[in-house]
$ cat data_19.cif   # mmCIF, C-alpha atoms
data_protein
#
loop_
_atom_site.label_atom_id
_atom_site.label_comp_id
_atom_site.auth_asym_id
_atom_site.auth_seq_id
_atom_site.Cartn_x
_atom_site.Cartn_y
_atom_site.Cartn_z
CA MET A 133 110.45 121.39 104.52
CA THR A 134 106.66 121.33 104.54
CA ASN A 135 104.03 121.39 101.81
CA LEU A 136 100.29 121.11 101.29
CA GLN A 137 100.58 118.21 98.82
CA SER A 138 101.64 115.58 101.38
CA GLN A 139 100.25 113.76 104.37
CA SER A 140 101.55 115.16 107.63
CA SER A 141 104.58 113.84 109.44
CA VAL A 142 104.50 113.50 113.21
CA ARG A 143 105.71 117.00 114.07
CA SER A 144 106.52 118.69 117.38
CA LEU A 145 107.42 122.13 118.66
CA THR A 146 107.88 123.79 122.05
CA LEU A 147 106.54 127.21 123.04
CA GLY A 148 107.15 128.68 126.49
CA GLY A 149 107.90 125.30 128.02
CA VAL A 150 104.80 123.64 126.53
CA ARG A 151 105.38 120.86 124.00
CA PHE A 152 102.89 120.39 121.15
CA THR A 153 102.96 117.25 118.98
CA TYR A 154 100.73 116.19 116.12
CA VAL A 155 99.89 112.56 116.98
CA VAL A 156 99.01 111.46 113.45
CA ASP A 157 96.42 108.69 113.09
CA GLY A 158 96.47 108.33 109.33
CA ALA A 159 95.89 109.65 105.86
CA MET A 160 92.81 111.08 104.16
CA ALA A 161 92.30 112.77 100.79
CA PHE A 162 89.17 114.12 99.08
CA PRO A 163 88.20 115.43 95.64
CA PRO A 164 88.22 119.24 95.76
CA ALA A 165 85.00 119.63 93.75
CA SER A 166 82.89 117.55 96.14
CA PHE A 167 84.49 118.33 99.49
CA PHE A 168 84.81 122.06 98.71
CA PRO A 169 81.86 122.76 96.41
CA SER A 170 82.04 126.54 96.90
CA ILE A 171 85.72 126.91 95.94
CA PRO A 172 86.16 127.75 92.23
CA PRO A 173 88.01 124.95 90.40
CA GLY A 174 90.67 127.35 89.18
CA GLU A 175 91.89 127.93 92.73
CA TRP A 176 93.23 124.36 92.92
CA THR A 177 96.74 124.77 91.56
CA PRO A 178 98.94 121.64 91.28
CA ASP A 179 100.96 122.55 94.39
CA LEU A 180 97.80 122.12 96.50
CA LEU A 181 96.87 118.61 95.34
CA ASP A 182 98.41 115.17 95.57
CA GLU A 183 99.29 112.96 92.58
CA ARG A 184 95.63 111.90 92.20
CA GLY A 185 94.36 115.48 92.15
CA LEU A 186 92.97 115.08 95.68
CA VAL A 187 93.29 117.38 98.69
CA PRO A 188 95.47 115.69 101.36
CA MET A 189 94.10 115.88 104.92
CA SER A 190 95.73 113.92 107.72
CA ALA A 191 93.78 112.91 110.84
CA GLY A 192 95.02 112.67 114.42
CA GLY A 193 95.23 114.47 117.73
CA LEU A 194 97.29 117.33 119.17
CA LEU A 195 99.18 116.34 122.32
CA VAL A 196 99.81 119.24 124.71
CA GLU A 197 102.41 118.51 127.40
CA THR A 198 103.00 120.91 130.28
CA GLY A 199 105.24 119.45 132.96
CA GLU A 200 103.54 116.23 134.05
CA ARG A 201 100.15 117.19 132.56
CA ARG A 202 99.06 115.82 129.20
CA LEU A 203 96.07 117.02 127.23
CA LEU A 204 95.07 115.47 123.91
CA ILE A 205 92.89 117.49 121.55
CA ASP A 206 90.90 115.10 119.32
CA ALA A 207 91.42 111.41 118.69
CA GLY A 208 91.70 110.83 114.95
CA LEU A 209 89.56 108.62 112.73
CA GLY A 210 90.39 105.20 114.14
CA PRO A 211 90.94 101.99 112.14
CA MET A 212 89.60 102.53 108.62
CA GLN A 213 90.92 101.87 105.14
CA GLY A 214 89.53 102.37 101.66
CA GLU A 215 86.88 104.70 100.31
CA ALA A 216 84.97 106.97 102.68
CA GLY A 217 82.87 110.07 102.13
CA GLY A 218 83.78 110.19 98.45
CA GLY A 219 87.51 110.13 99.20
CA LEU A 220 90.21 107.79 100.47
CA VAL A 221 91.35 107.00 104.00
CA ASN A 222 93.99 104.83 105.63
CA SER A 223 94.03 105.37 109.38
CA GLY A 224 94.35 103.62 112.72
CA SER A 225 97.84 104.52 114.00
CA LEU A 226 97.09 107.07 116.73
CA LEU A 227 97.86 104.75 119.65
CA ASP A 228 101.02 103.52 117.92
CA THR A 229 102.11 107.10 117.31
CA LEU A 230 101.40 107.92 120.95
CA ALA A 231 103.59 104.96 121.94
CA VAL A 232 106.44 106.30 119.77
CA LEU A 233 106.20 109.45 121.90
CA GLY A 234 106.55 107.30 125.03
CA HIS A 235 102.92 107.38 126.20
CA ASP A 236 99.85 105.19 126.37
CA PRO A 237 96.25 106.41 126.77
CA SER A 238 96.40 106.17 130.56
CA ALA A 239 99.08 108.89 130.55
CA VAL A 240 96.63 111.38 129.01
CA ASP A 241 94.80 113.37 131.69
CA LEU A 242 92.04 114.66 129.41
CA LEU A 243 90.81 114.23 125.84
CA ALA A 244 89.28 117.54 124.71
CA LEU A 245 87.23 117.30 121.53
CA THR A 246 86.79 120.04 118.96
CA HIS A 247 83.63 118.32 117.69
CA LEU A 248 82.12 114.88 117.26
CA HIS A 249 82.66 114.13 113.57
CA PRO A 250 84.12 110.65 112.92
CA ASP A 251 87.63 111.80 111.99
CA HIS A 252 88.04 113.47 115.40
CA VAL A 253 86.61 110.85 117.79
CA GLY A 254 87.91 107.56 116.37
CA TRP A 255 89.97 106.58 119.43
CA ALA A 256 87.93 108.49 122.02
CA GLY A 257 86.95 105.31 123.83
CA ALA A 258 90.60 104.57 124.65
CA PHE A 259 90.80 107.60 126.96
CA GLY A 260 89.31 107.86 130.41
CA ARG A 261 88.19 111.48 130.65
CA HIS A 262 86.60 113.62 127.96
CA ALA A 263 85.54 117.22 127.46
CA VAL A 264 83.27 118.58 124.73
CA ALA A 265 81.08 121.64 124.22
CA ALA A 266 77.62 121.30 125.73
CA ALA A 267 76.02 122.36 122.44
CA GLU A 268 77.93 119.67 120.57
CA TRP A 269 76.98 117.03 123.10
CA LYS A 270 73.29 117.89 123.00
CA ALA A 271 73.25 117.69 119.21
CA THR A 272 74.97 114.29 119.08
CA PRO A 273 73.14 111.94 121.49
CA GLU A 274 74.50 108.86 119.74
CA MET A 275 77.92 109.43 121.39
CA ALA A 276 76.88 107.38 124.43
CA SER A 277 80.44 106.04 124.78
CA LEU A 278 81.45 109.47 126.10
CA ALA A 279 78.91 109.39 128.95
CA GLY A 280 80.10 111.58 131.79
CA ALA A 281 82.06 113.98 129.59
CA ASP A 282 82.85 117.42 130.98
CA LEU A 283 80.55 119.84 129.15
CA LEU A 284 82.10 123.13 128.08
CA GLU A 285 80.84 126.62 127.41
CA ASP A 286 82.60 129.40 125.54
CA GLY A 287 85.49 130.77 127.60
CA ASP A 288 85.76 127.81 130.00
CA GLU A 289 89.20 126.79 131.24
CA VAL A 290 89.64 123.20 130.13
CA ALA A 291 93.00 122.71 131.86
CA PRO A 292 95.47 125.20 133.35
CA GLY A 293 96.29 127.66 130.57
CA VAL A 294 93.83 126.13 128.07
CA ARG A 295 90.63 127.99 127.15
CA ALA A 296 87.70 126.79 125.06
CA ILE A 297 86.45 129.00 122.22
CA VAL A 298 83.09 127.69 121.05
CA THR A 299 82.79 128.51 117.36
CA PRO A 300 79.61 126.92 115.89
CA GLY A 301 79.25 126.51 112.17
CA HIS A 302 81.12 123.42 111.09
CA SER A 303 79.14 121.61 113.81
CA PRO A 304 76.64 122.79 116.47
CA GLY A 305 79.24 123.21 119.20
CA HIS A 306 82.52 123.20 117.29
CA THR A 307 85.24 124.25 119.73
CA SER A 308 88.72 125.67 119.26
CA TYR A 309 91.29 125.59 122.04
CA LEU A 310 93.65 128.43 122.95
CA VAL A 311 96.74 127.38 124.91
CA THR A 312 98.83 129.97 126.74
CA ALA A 313 102.52 129.03 126.73
CA GLY A 314 104.54 131.65 128.60
CA THR A 315 104.48 134.77 126.45
CA GLU A 316 103.28 132.80 123.42
CA ARG A 317 100.03 131.07 122.49
CA LEU A 318 98.82 128.23 120.30
CA LEU A 319 95.34 128.11 118.79
CA CYS A 320 94.02 124.70 117.72
CA PHE A 321 91.13 125.61 115.43
CA GLY A 322 89.84 122.13 114.60
CA ASP A 323 87.77 122.11 111.42
CA ALA A 324 86.92 125.81 111.34
CA PHE A 325 89.33 125.78 108.40
CA HIS A 326 90.09 122.75 106.23
CA HIS A 327 92.49 124.52 103.87
CA PRO A 328 94.49 127.78 103.75
CA LEU A 329 92.44 128.92 100.75
CA GLN A 330 89.56 129.56 103.15
CA LEU A 331 91.52 132.15 105.16
CA ASN A 332 90.74 134.82 102.56
CA HIS A 333 87.28 133.59 101.64
CA LEU A 334 85.38 133.03 104.84
CA ALA A 335 82.24 131.86 103.04
CA TRP A 336 84.07 129.07 101.20
CA GLY A 337 82.77 126.20 103.27
CA ALA A 338 83.21 122.44 103.21
CA GLY A 339 80.76 119.69 102.42
CA PRO A 340 80.42 118.47 106.04
CA ASP A 341 79.60 121.94 107.45
CA TRP A 342 76.49 121.81 109.64
CA HIS A 343 75.40 125.44 109.21
CA GLY A 344 77.37 127.20 106.52
CA ASP A 345 75.89 130.63 107.25
CA SER A 346 77.51 130.56 110.71
CA VAL A 347 80.96 129.60 109.47
CA PRO A 348 82.20 133.09 108.42
CA ALA A 349 81.59 134.61 111.87
CA ALA A 350 83.40 131.74 113.55
CA ARG A 351 86.34 132.09 111.19
CA ARG A 352 86.49 135.85 111.63
CA ARG A 353 86.75 135.43 115.40
CA LEU A 354 89.51 132.85 115.05
CA ILE A 355 91.52 134.92 112.57
CA ASP A 356 91.45 137.78 115.07
CA GLU A 357 92.91 135.40 117.67
CA MET A 358 95.56 134.11 115.27
CA LEU A 359 96.66 137.66 114.44
CA VAL A 360 97.49 138.39 118.10
CA PRO A 361 101.31 138.66 118.26
CA GLY A 362 103.01 135.53 119.52
CA THR A 363 100.25 133.18 118.35
CA VAL A 364 100.93 129.95 116.46
CA ALA A 365 98.00 128.05 114.94
CA PHE A 366 97.48 124.32 114.58
CA ALA A 367 95.54 122.76 111.69
CA PHE A 368 94.61 119.08 111.54
CA HIS A 369 93.99 119.05 107.80
CA PHE A 370 96.56 121.40 106.19
CA GLY A 371 98.64 118.68 104.53
CA ASP A 372 102.16 118.62 106.01
CA GLN A 373 101.83 122.17 107.35
CA PRO A 374 100.03 121.59 110.66
CA PHE A 375 101.74 124.47 112.49
CA GLY A 376 101.71 128.01 111.17
CA ARG A 377 101.24 131.70 111.78
CA VAL A 378 98.89 133.97 109.87
CA ALA A 379 99.76 137.46 108.71
CA ARG A 380 97.63 140.24 107.22
CA ALA A 381 99.07 142.32 104.37
CA ALA A 382 98.30 145.99 103.80
CA ASP A 383 95.58 145.01 101.31
CA GLY A 384 93.93 142.79 103.90
CA THR A 385 95.10 139.49 102.42
CA ILE A 386 95.73 136.75 104.97
CA THR A 387 98.65 134.36 104.46
CA TRP A 388 99.44 131.04 106.14
CA ASN A 389 103.14 130.82 107.00
CA PRO A 390 104.38 127.38 108.12
CA PHE A 391 106.02 127.51 111.56
CA PRO A 392 109.23 125.50 112.13
CA SER A 393 108.68 122.14 113.80
CA THR A 394 110.71 118.99 114.42
CA VAL A 395 109.88 115.79 112.54
CA ILE A 396 109.61 112.96 115.07
CA ALA A 397 108.52 110.39 112.47
CA GLY A 398 107.17 110.34 108.95
CA PRO A 399 103.49 109.84 108.11
CA PRO A 400 102.46 106.58 109.81
CA ARG A 401 100.18 105.64 106.90
CA LEU A 402 99.86 106.55 103.24
CA LEU A 403 97.10 106.03 100.69
CA SER A 404 97.31 103.22 98.16
CA GLN A 405 98.86 104.40 94.92
CA SER A 406 96.28 102.42 92.94
CA SER A 407 93.17 103.64 94.76
CA GLU A 408 90.79 106.08 93.15
CA PRO A 409 87.78 107.61 94.92
CA THR A 410 84.20 107.52 93.71
CA GLY A 411 81.05 109.37 94.72
CA ARG A 412 80.65 112.56 96.71
CA SER A 413 81.65 113.55 100.22
CA ALA A 414 79.17 113.50 103.07
#

$ encode --input "data_19.cif" --output "structure tokens"
Amino acid sequence: MTNLQSQSSVRSLTLGGVRFTYVVDGAMAFPPASFFPSIPPGEWTPDLLDERGLVPMSAGGLLVETGERRLLIDAGLGPMQGEAGGGLVNSGSLLDTLAVLGHDPSAVDLLALTHLHPDHVGWAGAFGRHAVAAAEWKATPEMASLAGADLLEDGDEVAPGVRAIVTPGHSPGHTSYLVTAGTERLLCFGDAFHHPLQLNHLAWGAGPDWHGDSVPAARRRLIDEMLVPGTVAFAFHFGDQPFGRVARAADGTITWNPFPSTVIAGPPRLLSQSSEPTGRSA
């Protein structure tokens, strides 16, 4: 069973001989009013929020294993506990989770980054080879620790069967990754969507969006990809529903349908029951 109220378990599925695993780093949760200022308060029904009334959003990386090749998409938040960005975080378990899966960083051939926000690059320095969109790199010169990264353009093949889709909006060079797995596909869309509510309201942005006016076009392109038959999507921040398919009803409504996955381990970290956030998100 999956739900949007909980932090994500470490979940895995196999498509066409390719294994996908959410390597969870830790827990995050943010107040809906500050992180999603454009979403009307009435949309936040109790089944979408945790016991504090916050929106749960796990952090981590997606491990893609094809034969002996291993690609990791994003690297979590890294060691951090307490208040952050107006919400709560408790992270730092990505390498431990990777070890549970039988790997250490040296076993990962490439770390491909969707973007360079803190909750996606926390453990980047532990990996030897990196790839990131050229537009993202140019806009974030402070990421000197990734010197020598492979710079990507829209449509580039990142690894065999893995294509970059550069979708600016959330960040200058935000990149989604489309993995071909036999007759099926998986689309990792990074932070183009933070919550399923945004699938039907493309202009409902998030506080950290770099250029909100560009977000709807990016989302429209990604929804078209997700609607291609045989496509599963991966979401970093959809509570305990990281894998899903989208469907379009006759009236045009888009639904997020959780896709079956195997629980390898429960959430490696949870938020303190006594903690309460203050302030606004960045």

$ residues_near_point --input "data_19.cif" --point "(84.7, 119.6, 112.2)" --cutoff "8 Å" --atoms "all atoms listed in the file" --output "NGL selection string"
:A and (246-249 or 252 or 302-303 or 306 or 322-324 or 340-341)

$ closest_residue --input "data_19.cif" --among "A:Leu227, A:Pro399, A:Ala367, A:Asp157" --to "Gln213 of chain A" --atoms "all atoms listed in the file"
A:Asp157

$ residues_around --input "data_19.cif" --residues "Leu181 of chain A" --least-positions-apart "3" --cutoff "9 Å" --atoms "only C-alpha atoms" --output "MDAnalysis selection string"
chainID A and resid 136:138 164 176:178 184:188

$ resolve_selection --input "data_19.cif" --expression "the PyMOL selection byres ((chain A and resi 330) around 12)" --output "VMD selection string"
chain A and resid 168 170 to 172 175 323 to 329 331 to 338 347 to 348 351 to 352 355 370 385 to 388

$ atom_distance --input "data_19.cif" --atom1 "atom CA of His235 of chain A" --atom2 "atom CA of Gly260 of chain A"
14.3 Å

$ resolve_selection --input "data_19.cif" --expression "the PyMOL selection byres ((chain A and resi 221-225) around 9)" --output "PDB file with C-alpha atoms, keeping the file's coordinate frame"
ATOM      1  CA  VAL A 155      99.890 112.560 116.980  1.00  0.00           C
ATOM      2  CA  VAL A 156      99.010 111.460 113.450  1.00  0.00           C
ATOM      3  CA  ASP A 157      96.420 108.690 113.090  1.00  0.00           C
ATOM      4  CA  GLY A 158      96.470 108.330 109.330  1.00  0.00           C
ATOM      5  CA  ALA A 159      95.890 109.650 105.860  1.00  0.00           C
ATOM      6  CA  MET A 160      92.810 111.080 104.160  1.00  0.00           C
ATOM      7  CA  ALA A 161      92.300 112.770 100.790  1.00  0.00           C
ATOM      8  CA  PHE A 162      89.170 114.120  99.080  1.00  0.00           C
ATOM      9  CA  SER A 190      95.730 113.920 107.720  1.00  0.00           C
ATOM     10  CA  ALA A 191      93.780 112.910 110.840  1.00  0.00           C
ATOM     11  CA  GLY A 192      95.020 112.670 114.420  1.00  0.00           C
ATOM     12  CA  GLY A 208      91.700 110.830 114.950  1.00  0.00           C
ATOM     13  CA  LEU A 209      89.560 108.620 112.730  1.00  0.00           C
ATOM     14  CA  GLY A 210      90.390 105.200 114.140  1.00  0.00           C
ATOM     15  CA  PRO A 211      90.940 101.990 112.140  1.00  0.00           C
ATOM     16  CA  MET A 212      89.600 102.530 108.620  1.00  0.00           C
ATOM     17  CA  GLN A 213      90.920 101.870 105.140  1.00  0.00           C
ATOM     18  CA  GLY A 214      89.530 102.370 101.660  1.00  0.00           C
ATOM     19  CA  GLU A 215      86.880 104.700 100.310  1.00  0.00           C
ATOM     20  CA  ALA A 216      84.970 106.970 102.680  1.00  0.00           C
ATOM     21  CA  GLY A 219      87.510 110.130  99.200  1.00  0.00           C
ATOM     22  CA  LEU A 220      90.210 107.790 100.470  1.00  0.00           C
ATOM     23  CA  LEU A 226      97.090 107.070 116.730  1.00  0.00           C
ATOM     24  CA  LEU A 227      97.860 104.750 119.650  1.00  0.00           C
ATOM     25  CA  ASP A 228     101.020 103.520 117.920  1.00  0.00           C
ATOM     26  CA  THR A 229     102.110 107.100 117.310  1.00  0.00           C
ATOM     27  CA  LEU A 230     101.400 107.920 120.950  1.00  0.00           C
ATOM     28  CA  GLY A 254      87.910 107.560 116.370  1.00  0.00           C
ATOM     29  CA  TRP A 255      89.970 106.580 119.430  1.00  0.00           C
ATOM     30  CA  PRO A 400     102.460 106.580 109.810  1.00  0.00           C
ATOM     31  CA  ARG A 401     100.180 105.640 106.900  1.00  0.00           C
ATOM     32  CA  LEU A 402      99.860 106.550 103.240  1.00  0.00           C
ATOM     33  CA  LEU A 403      97.100 106.030 100.690  1.00  0.00           C
ATOM     34  CA  SER A 404      97.310 103.220  98.160  1.00  0.00           C
TER      35      SER A 404
END

$ closest_residue --input "data_19.cif" --among "A:Glu268, A:Thr146, A:Pro300, A:Val290" --to "Leu204 of chain A" --atoms "all atoms listed in the file"
A:Val290

$ atom_distance --input "data_19.cif" --atom1 "atom CA of Leu233 of chain A" --atom2 "atom CA of Ser140 of chain A"
16.1 Å
